[in-house]
>>> print(open('protein-v4.cif').read())   # mmCIF, C-alpha atoms
data_query
loop_
_atom_site.label_atom_id
_atom_site.label_comp_id
_atom_site.auth_asym_id
_atom_site.auth_seq_id
_atom_site.Cartn_x
_atom_site.Cartn_y
_atom_site.Cartn_z
CA MET A 93 -30.52 -31.20 6.02
CA ALA A 94 -30.35 -33.01 2.68
CA VAL A 95 -33.30 -31.04 1.35
CA SER A 96 -31.75 -27.76 2.44
CA VAL A 97 -28.48 -28.61 0.73
CA PHE A 98 -30.33 -29.57 -2.46
CA GLY A 99 -32.28 -26.32 -2.43
CA GLU A 100 -29.14 -24.34 -1.86
CA LEU A 101 -27.43 -26.09 -4.74
CA LEU A 102 -30.31 -25.13 -7.03
CA ILE A 103 -30.11 -21.51 -5.92
CA THR A 104 -26.37 -21.59 -6.44
CA ALA A 105 -26.77 -23.03 -9.92
CA GLY A 106 -29.18 -20.22 -10.76
CA LEU A 107 -26.74 -17.60 -9.54
CA VAL A 108 -23.89 -19.19 -11.51
CA LEU A 109 -25.98 -19.15 -14.71
CA GLY A 110 -26.82 -15.50 -14.05
CA LEU A 111 -23.13 -14.76 -13.61
CA PHE A 112 -22.42 -16.55 -16.87
CA VAL A 113 -24.73 -14.15 -18.68
CA VAL A 114 -22.95 -11.22 -17.06
CA TYR A 115 -19.66 -12.74 -18.11
CA SER A 116 -20.73 -13.36 -21.72
CA LEU A 117 -22.38 -10.06 -22.43
CA TRP A 118 -20.29 -7.70 -20.37
CA TRP A 119 -17.00 -8.99 -19.07
CA THR A 120 -15.82 -10.53 -22.37
CA ASN A 121 -16.43 -7.13 -24.01
CA VAL A 122 -14.32 -5.40 -21.39
CA VAL A 123 -11.44 -7.83 -21.87
CA ALA A 124 -11.71 -7.89 -25.67
CA ASP A 125 -11.94 -4.12 -26.10
CA ARG A 126 -8.86 -3.69 -23.95
CA GLU A 127 -6.96 -6.23 -26.03
CA ALA A 128 -8.20 -4.83 -29.37
CA HIS A 129 -7.15 -1.37 -28.34
CA LYS A 130 -3.70 -2.53 -27.41
CA GLN A 131 -3.20 -4.42 -30.66
CA GLY A 132 -4.72 -1.60 -32.73
CA ASP A 133 -2.32 0.90 -31.18
CA LYS A 134 0.53 -1.41 -32.01
CA VAL A 135 -0.51 -1.56 -35.67
CA ARG A 136 -0.85 2.25 -35.88
CA ASP A 137 2.55 2.70 -34.23
CA GLY A 138 4.05 0.28 -36.72
CA TRP A 139 2.53 2.26 -39.60
CA ALA A 140 3.81 5.53 -38.22
CA GLN A 141 7.34 4.26 -37.78
CA ASP A 142 8.18 2.97 -41.22
CA LYS A 143 6.84 5.79 -43.36
CA GLY A 144 7.58 5.37 -47.02
CA GLY A 145 9.72 2.29 -46.70
CA PRO A 146 8.92 -0.80 -48.69
CA GLY A 147 6.11 -2.13 -46.52
CA ALA A 148 6.67 -5.73 -45.70
CA LEU A 149 3.20 -6.97 -44.94
CA ASP A 150 3.08 -7.95 -41.30
CA THR A 151 -0.01 -10.10 -41.12
CA LYS A 152 0.58 -11.22 -37.57
CA ALA A 153 -0.23 -7.96 -35.85
CA GLY A 154 -3.26 -7.11 -37.94
CA ILE A 155 -3.50 -5.86 -41.48
CA GLY A 156 -5.75 -2.85 -41.14
CA PHE A 157 -8.99 -1.44 -39.82
CA LEU A 158 -12.55 -1.91 -40.92
CA HIS A 159 -14.90 1.06 -40.70
CA VAL A 160 -18.61 0.53 -41.19
CA PRO A 161 -20.37 3.80 -40.37
CA SER A 162 -23.82 2.19 -40.23
CA MET A 163 -22.65 -0.23 -37.51
CA LYS A 164 -21.63 2.75 -35.37
CA ASN A 165 -18.78 0.91 -33.71
CA GLY A 166 -15.74 2.89 -34.71
CA GLU A 167 -12.86 0.98 -36.17
CA VAL A 168 -12.38 -2.75 -36.04
CA LEU A 169 -8.91 -4.21 -36.27
CA VAL A 170 -8.60 -6.99 -38.85
CA GLU A 171 -6.30 -9.91 -38.17
CA LYS A 172 -5.48 -13.18 -39.84
CA GLY A 173 -7.66 -16.18 -39.13
CA THR A 174 -11.09 -16.79 -37.69
CA SER A 175 -10.19 -19.02 -34.78
CA THR A 176 -11.86 -18.40 -31.43
CA LYS A 177 -8.56 -17.22 -30.06
CA VAL A 178 -8.19 -14.50 -32.69
CA LEU A 179 -11.81 -13.33 -32.63
CA ASN A 180 -11.99 -13.26 -28.85
CA ASP A 181 -9.55 -10.35 -28.82
CA GLY A 182 -12.34 -8.11 -30.12
CA VAL A 183 -11.14 -8.03 -33.71
CA ALA A 184 -12.48 -9.17 -37.07
CA GLY A 185 -10.64 -12.04 -38.69
CA TYR A 186 -10.22 -12.82 -42.36
CA TYR A 187 -10.87 -16.40 -43.37
CA THR A 188 -8.01 -18.78 -43.99
CA ASP A 189 -10.28 -21.81 -43.77
CA PRO A 190 -12.44 -23.34 -45.27
CA VAL A 191 -12.13 -20.82 -48.12
CA LYS A 192 -9.08 -18.63 -48.16
CA SER A 193 -9.86 -14.94 -48.20
CA SER A 194 -8.25 -12.73 -50.79
CA LEU A 195 -6.73 -9.52 -49.51
CA PRO A 196 -7.55 -6.09 -50.93
CA MET A 197 -3.90 -5.03 -50.86
CA THR A 198 -3.04 -7.48 -53.62
CA GLY A 199 -5.29 -5.53 -55.99
CA LYS A 200 -6.47 -8.78 -57.55
CA ASP A 201 -10.03 -9.95 -58.00
CA GLY A 202 -11.35 -12.00 -55.13
CA ASN A 203 -13.41 -11.97 -51.99
CA PHE A 204 -12.19 -10.37 -48.78
CA THR A 205 -14.07 -12.51 -46.25
CA LEU A 206 -14.36 -11.50 -42.61
CA ALA A 207 -15.95 -12.75 -39.42
CA ALA A 208 -16.42 -11.16 -36.01
CA HIS A 209 -18.51 -11.67 -32.89
CA ARG A 210 -22.14 -10.56 -32.71
CA ASP A 211 -22.26 -10.56 -28.90
CA GLY A 212 -19.56 -10.64 -26.31
CA HIS A 213 -15.83 -10.51 -26.97
CA GLY A 214 -16.10 -6.98 -28.30
CA ALA A 215 -19.32 -7.67 -30.27
CA LYS A 216 -17.76 -5.94 -33.28
CA PHE A 217 -20.50 -6.99 -35.71
CA HIS A 218 -23.38 -6.54 -33.27
CA ASN A 219 -25.11 -3.97 -35.46
CA ILE A 220 -24.65 -5.85 -38.72
CA ASP A 221 -28.43 -5.78 -39.18
CA LYS A 222 -28.23 -1.96 -39.42
CA VAL A 223 -26.20 -2.18 -42.62
CA ARG A 224 -28.40 -1.42 -45.64
CA LYS A 225 -27.72 -1.82 -49.32
CA GLY A 226 -25.62 1.08 -50.51
CA ASP A 227 -23.92 1.63 -47.16
CA ALA A 228 -20.19 2.11 -47.15
CA ILE A 229 -17.76 -0.49 -45.82
CA VAL A 230 -14.30 1.00 -45.65
CA PHE A 231 -11.08 -0.88 -45.09
CA GLU A 232 -8.08 1.13 -44.03
CA THR A 233 -4.52 -0.05 -44.54
CA LYS A 234 -1.22 1.68 -44.08
CA ASP A 235 -1.43 3.61 -47.34
CA LYS A 236 -4.86 2.99 -48.90
CA TRP A 237 -8.53 3.39 -48.14
CA TYR A 238 -10.59 0.69 -49.82
CA VAL A 239 -14.16 1.89 -50.13
CA TYR A 240 -16.73 -0.86 -50.63
CA LYS A 241 -20.45 -0.52 -51.05
CA ALA A 242 -22.82 -3.09 -49.56
CA TYR A 243 -24.97 -4.52 -52.34
CA ALA A 244 -26.51 -7.71 -50.95
CA ILE A 245 -27.63 -8.98 -47.57
CA LEU A 246 -28.48 -12.49 -46.49
CA PRO A 247 -30.18 -12.22 -43.12
CA GLU A 248 -30.18 -15.91 -42.37
CA THR A 249 -28.27 -18.85 -43.72
CA SER A 250 -26.95 -22.16 -42.52
CA LYS A 251 -23.66 -22.17 -40.71
CA PHE A 252 -22.48 -24.79 -43.18
CA ASN A 253 -23.08 -22.51 -46.13
CA VAL A 254 -19.44 -21.91 -47.06
CA LYS A 255 -20.54 -20.90 -50.55
CA VAL A 256 -21.02 -17.36 -49.28
CA LEU A 257 -17.23 -17.11 -49.14
CA GLN A 258 -16.65 -17.94 -52.82
CA SER A 259 -14.33 -15.58 -54.64
CA VAL A 260 -17.30 -14.76 -56.86
CA PRO A 261 -20.17 -14.93 -54.37
CA GLN A 262 -22.88 -16.26 -56.66
CA GLN A 263 -25.46 -16.26 -53.90
CA SER A 264 -25.23 -12.49 -53.83
CA GLY A 265 -26.17 -12.42 -57.51
CA LYS A 266 -22.69 -11.82 -58.90
CA LYS A 267 -21.46 -13.77 -61.90
CA LYS A 268 -18.24 -12.01 -62.83
CA PRO A 269 -14.98 -11.78 -60.91
CA GLY A 270 -14.51 -8.57 -59.00
CA GLN A 271 -13.20 -7.25 -55.72
CA TYR A 272 -15.75 -8.21 -53.12
CA ILE A 273 -15.98 -8.05 -49.36
CA THR A 274 -18.03 -10.43 -47.22
CA LEU A 275 -18.93 -9.92 -43.57
CA THR A 276 -20.21 -12.91 -41.62
CA THR A 277 -21.44 -13.23 -38.06
CA CYS A 278 -24.03 -15.18 -36.13
CA THR A 279 -27.76 -14.51 -35.95
CA PRO A 280 -30.22 -14.13 -34.23
CA VAL A 281 -28.50 -12.12 -31.52
CA TYR A 282 -27.34 -14.07 -28.47
CA THR A 283 -27.34 -17.36 -30.37
CA SER A 284 -25.34 -18.95 -33.14
CA ARG A 285 -28.03 -20.89 -34.91
CA TYR A 286 -27.66 -19.14 -38.27
CA ARG A 287 -25.23 -16.85 -40.04
CA TYR A 288 -25.82 -13.30 -41.23
CA VAL A 289 -23.97 -12.24 -44.35
CA VAL A 290 -23.35 -8.83 -45.92
CA TRP A 291 -21.66 -8.51 -49.31
CA GLY A 292 -19.97 -5.45 -50.70
CA GLU A 293 -18.13 -4.55 -53.85
CA LEU A 294 -15.10 -2.31 -54.20
CA GLU A 295 -16.09 1.11 -55.41
CA ARG A 296 -12.79 2.96 -55.34
CA VAL A 297 -9.40 3.08 -53.69
CA GLU A 298 -8.06 6.27 -52.17
CA LYS A 299 -4.48 6.94 -51.23
CA VAL A 300 -3.87 7.84 -47.61
CA ASP A 301 -2.62 11.41 -47.33
CA SER A 302 -0.22 12.73 -44.73
CA ASP A 303 -3.05 13.61 -42.32
CA ARG A 304 -4.83 10.31 -42.86
CA THR A 305 -7.91 12.23 -43.95
CA PRO A 306 -10.69 9.64 -44.10
CA PRO A 307 -12.73 9.23 -47.29
CA LYS A 308 -15.99 11.21 -47.39
CA GLU A 309 -18.04 8.17 -46.29
CA LEU A 310 -16.41 8.34 -42.86
CA ARG A 311 -16.69 12.08 -42.33
CA MET B 223 -33.72 -30.63 13.12
CA VAL B 224 -30.94 -29.66 15.45
CA ARG B 225 -31.04 -26.15 16.78
CA VAL B 226 -27.61 -24.66 16.35
CA ALA B 227 -26.02 -22.03 18.53
CA THR B 228 -25.31 -19.52 15.77
CA PRO B 229 -27.47 -20.21 12.75
CA VAL B 230 -27.41 -18.11 9.61
CA PRO B 231 -29.06 -14.91 10.82
CA TRP B 232 -31.99 -15.01 8.42
CA CYS B 233 -32.97 -18.64 8.63
CA ASP B 234 -33.37 -19.63 12.19
CA GLY B 235 -33.07 -23.31 12.88
CA ARG B 236 -32.81 -24.64 9.32
CA ASP B 237 -29.46 -25.82 8.14
CA GLY B 238 -27.89 -26.41 4.76
CA MET B 239 -24.43 -26.34 3.35
CA TYR B 240 -24.17 -22.58 3.66
CA GLY B 241 -25.31 -22.89 7.28
CA TRP B 242 -22.61 -25.48 7.78
CA ILE B 243 -19.97 -23.19 6.31
CA TRP B 244 -21.23 -20.31 8.39
CA ARG B 245 -20.95 -22.32 11.57
CA HIS B 246 -17.41 -23.38 10.75
CA LEU B 247 -16.13 -19.88 10.09
CA PRO B 248 -14.22 -18.39 12.99
CA GLY B 249 -14.92 -15.15 14.78
CA ASN B 250 -18.03 -13.14 15.50
CA VAL B 251 -20.78 -12.25 13.05
CA TRP B 252 -18.86 -9.36 11.43
CA VAL B 253 -15.70 -11.39 10.94
CA ARG B 254 -17.75 -14.21 9.43
CA ALA B 255 -19.61 -11.85 7.17
CA LEU B 256 -16.29 -10.45 5.95
CA ILE B 257 -14.85 -13.90 5.35
CA SER B 258 -18.05 -14.90 3.53
CA LEU B 259 -17.75 -11.89 1.28
CA VAL B 260 -14.14 -12.75 0.47
CA LEU B 261 -15.15 -16.34 -0.28
CA VAL B 262 -17.94 -15.18 -2.59
CA LEU B 263 -15.59 -12.83 -4.43
CA ALA B 264 -13.02 -15.60 -4.74
CA MET B 265 -15.69 -17.85 -6.25
CA VAL B 266 -16.68 -15.16 -8.76
CA TYR B 267 -13.03 -14.66 -9.67
CA VAL B 268 -12.47 -18.36 -10.26
CA LEU B 269 -15.65 -18.56 -12.37
CA PHE B 270 -14.79 -15.50 -14.53
CA GLN B 271 -11.13 -16.33 -14.90
CA TYR B 272 -11.16 -20.07 -15.37
CA VAL B 273 -14.54 -21.80 -15.45
CA PHE B 274 -16.47 -19.57 -17.88
CA PRO B 275 -13.65 -19.22 -20.42
CA TRP B 276 -13.41 -22.99 -20.40
CA ALA B 277 -17.16 -23.58 -20.68
CA GLU B 278 -17.92 -20.94 -23.28
CA PRO B 279 -16.56 -22.66 -26.41
CA LEU B 280 -18.48 -25.79 -25.41
CA LEU B 281 -21.77 -23.89 -25.53
CA PRO B 282 -23.46 -22.97 -28.82
CA PHE B 283 -23.71 -19.21 -28.31
CA ASN B 284 -20.74 -17.71 -30.02
CA ASP B 285 -19.79 -19.38 -33.27
CA VAL B 286 -19.68 -16.74 -35.94
CA THR B 287 -17.96 -18.37 -38.89
CA VAL B 288 -19.27 -20.55 -41.66
CA ASP B 289 -17.46 -23.84 -41.93
CA ASN B 290 -17.71 -27.42 -43.03
CA GLN B 291 -17.96 -29.12 -39.69
#
>>> encode(input="protein-v4.cif", output="structure tokens")
Amino acid sequence: MAVSVFGELLITAGLVLGLFVVYSLWWTNVVADREAHKQGDKVRDGWAQDKGGPGALDTKAGIGFLHVPSMKNGEVLVEKGTSTKVLNDGVAGYYTDPVKSSLPMTGKDGNFTLAAHRDGHGAKFHNIDKVRKGDAIVFETKDKWYVYKAYAILPETSKFNVKVLQSVPQQSGKKKPGQYITLTTCTPVYTSRYRYVVWGELERVEKVDSDRTPPKELR
Amino acid sequence: MVRVATPVPWCDGRDGMYGWIWRHLPGNVWVRALISLVLVLAMVYVLFQYVFPWAEPLLPFNDVTVDNQ
């Protein structure tokens, strides 16, 4: 009897671990995509409603959408903060800690630093390793398209390396202030041992027209 | 080993905790099978809804940010 119970417990533990994998790699994506969709729609509705008015920046709902054609994942909503709670909704978050991200809308020099999940919870940066130097990283706000170009990639770094978030990311080879964007996520896939970093620099800003015609990089 | 009247169909004679549960479920084989299925689904629900979300942040699979800690 005791041996049977022990054996059954082992089998059960195995099944539970298997279920955990299913949960991590599938179910969290289902939940997160649903949530991201809902919040993204809310942001777009908000944009559509107050056309032309002096846009008070509502950072709570999400500030815009990130489009990285080489990641082939459509648009990613960007919200404030990189806490688990924010990122688990299948969005990208901009850093408020340990180094505060600058925002492209201010038009000032600085580093727009973002994080998102590699696997599970929407896995928005799953294909970050497909981004090559020269690829476009486009950030869409209510009335501007910010077109960045990836110029440096760090395929593996320590998770304590907060220097990658500096407003002038010296590790990417830059010395002068400019408008940069930094994408961070975990690597290798399915683990969080290291961090993967992609840096981009602002190339140009386009005004959003009445049809929201995307810049040529997204067409 | 005690031979039980209605053992788990596929393991005649042996008994474990699932055998014990099976024997304590009411009804005939079909009713028991149905109840078992409901129990299994309930377990999966509890795991997905409560246990895994709780356990996940404790496991080192999904930290994506760089930080000082």
>>> atom_distance(input="protein-v4.cif", atom1="atom CA of A:Val168", atom2="atom CA of A:Val183")
5.9 Å
>>> closest_residue(input="protein-v4.cif", among="B:Gly238, B:Ala255, B:Thr287, B:Leu281", to="A:Thr176", atoms="only C-alpha atoms")
B:Thr287
>>> interface_residues(input="protein-v4.cif", of="chain B", to="chain A", cutoff="10 Å", atoms="all atoms listed in the file", output="PyMOL selection string")
chain B and resi 223-224+236-242+265-266+269-271+273-275+277-279+281-291
>>> resolve_selection(input="protein-v4.cif", expression="the PyMOL selection byres ((chain A and resi 241) around 8)", output="list in words")
Lys225, Gly226, Asp227, Ala228, Ile229, Val239, Tyr240, Ala242, Tyr243, Gly292, Glu293, Leu294 and Glu295 of chain A
>>> atom_distance(input="protein-v4.cif", atom1="atom CA of A:His159", atom2="atom CA of A:Val123")
21.1 Å
>>> closest_residue(input="protein-v4.cif", among="A:Lys266, A:Arg304, A:Arg296, A:Lys164", to="A:Val223", atoms="all atoms listed in the file")
A:Lys164
>>> atom_distance(input="protein-v4.cif", atom1="atom CA of A:Gly138", atom2="atom CA of A:Asp235")
12.4 Å
>>> decode(input="protein-v4.cif", residues="stretch 206-218 of chain A", atoms="N, CA and C atoms", output="PDB file, in the first residue's frame")
ATOM      1  N   LEU A 206      12.980  49.456 -22.737  1.00  0.00           N
ATOM      2  CA  LEU A 206      11.802  48.595 -22.668  1.00  0.00           C
ATOM      3  C   LEU A 206      12.165  47.163 -22.298  1.00  0.00           C
ATOM      4  N   ALA A 207      11.220  46.493 -21.671  1.00  0.00           N
ATOM      5  CA  ALA A 207      11.378  45.065 -21.383  1.00  0.00           C
ATOM      6  C   ALA A 207      10.071  44.356 -21.705  1.00  0.00           C
ATOM      7  N   ALA A 208      10.173  43.101 -22.129  1.00  0.00           N
ATOM      8  CA  ALA A 208       8.979  42.280 -22.333  1.00  0.00           C
ATOM      9  C   ALA A 208       9.387  40.818 -22.211  1.00  0.00           C
ATOM     10  N   HIS A 209       8.386  39.951 -22.101  1.00  0.00           N
ATOM     11  CA  HIS A 209       8.661  38.526 -21.911  1.00  0.00           C
ATOM     12  C   HIS A 209       9.190  37.857 -23.177  1.00  0.00           C
ATOM     13  N   ARG A 210      10.100  36.896 -22.962  1.00  0.00           N
ATOM     14  CA  ARG A 210      10.627  36.101 -24.080  1.00  0.00           C
ATOM     15  C   ARG A 210       9.718  34.909 -24.330  1.00  0.00           C
ATOM     16  N   ASP A 211       9.218  34.312 -23.266  1.00  0.00           N
ATOM     17  CA  ASP A 211       8.334  33.146 -23.365  1.00  0.00           C
ATOM     18  C   ASP A 211       7.206  33.274 -22.367  1.00  0.00           C
ATOM     19  N   GLY A 212       6.042  32.847 -22.777  1.00  0.00           N
ATOM     20  CA  GLY A 212       4.896  32.936 -21.891  1.00  0.00           C
ATOM     21  C   GLY A 212       4.430  34.367 -21.724  1.00  0.00           C
ATOM     22  N   HIS A 213       3.275  34.534 -21.194  1.00  0.00           N
ATOM     23  CA  HIS A 213       2.704  35.867 -20.939  1.00  0.00           C
ATOM     24  C   HIS A 213       2.753  36.747 -22.179  1.00  0.00           C
ATOM     25  N   GLY A 214       2.411  36.161 -23.307  1.00  0.00           N
ATOM     26  CA  GLY A 214       2.389  36.929 -24.554  1.00  0.00           C
ATOM     27  C   GLY A 214       3.667  36.801 -25.359  1.00  0.00           C
ATOM     28  N   ALA A 215       4.780  36.489 -24.681  1.00  0.00           N
ATOM     29  CA  ALA A 215       6.082  36.280 -25.356  1.00  0.00           C
ATOM     30  C   ALA A 215       6.349  37.337 -26.416  1.00  0.00           C
ATOM     31  N   LYS A 216       6.172  38.610 -26.057  1.00  0.00           N
ATOM     32  CA  LYS A 216       6.237  39.682 -27.047  1.00  0.00           C
ATOM     33  C   LYS A 216       7.623  39.871 -27.638  1.00  0.00           C
ATOM     34  N   PHE A 217       8.678  39.536 -26.914  1.00  0.00           N
ATOM     35  CA  PHE A 217      10.030  39.670 -27.454  1.00  0.00           C
ATOM     36  C   PHE A 217      10.639  38.295 -27.751  1.00  0.00           C
ATOM     37  N   HIS A 218       9.786  37.333 -28.069  1.00  0.00           N
ATOM     38  CA  HIS A 218      10.310  35.983 -28.315  1.00  0.00           C
ATOM     39  C   HIS A 218      11.332  35.972 -29.448  1.00  0.00           C
TER      40      HIS A 218
END
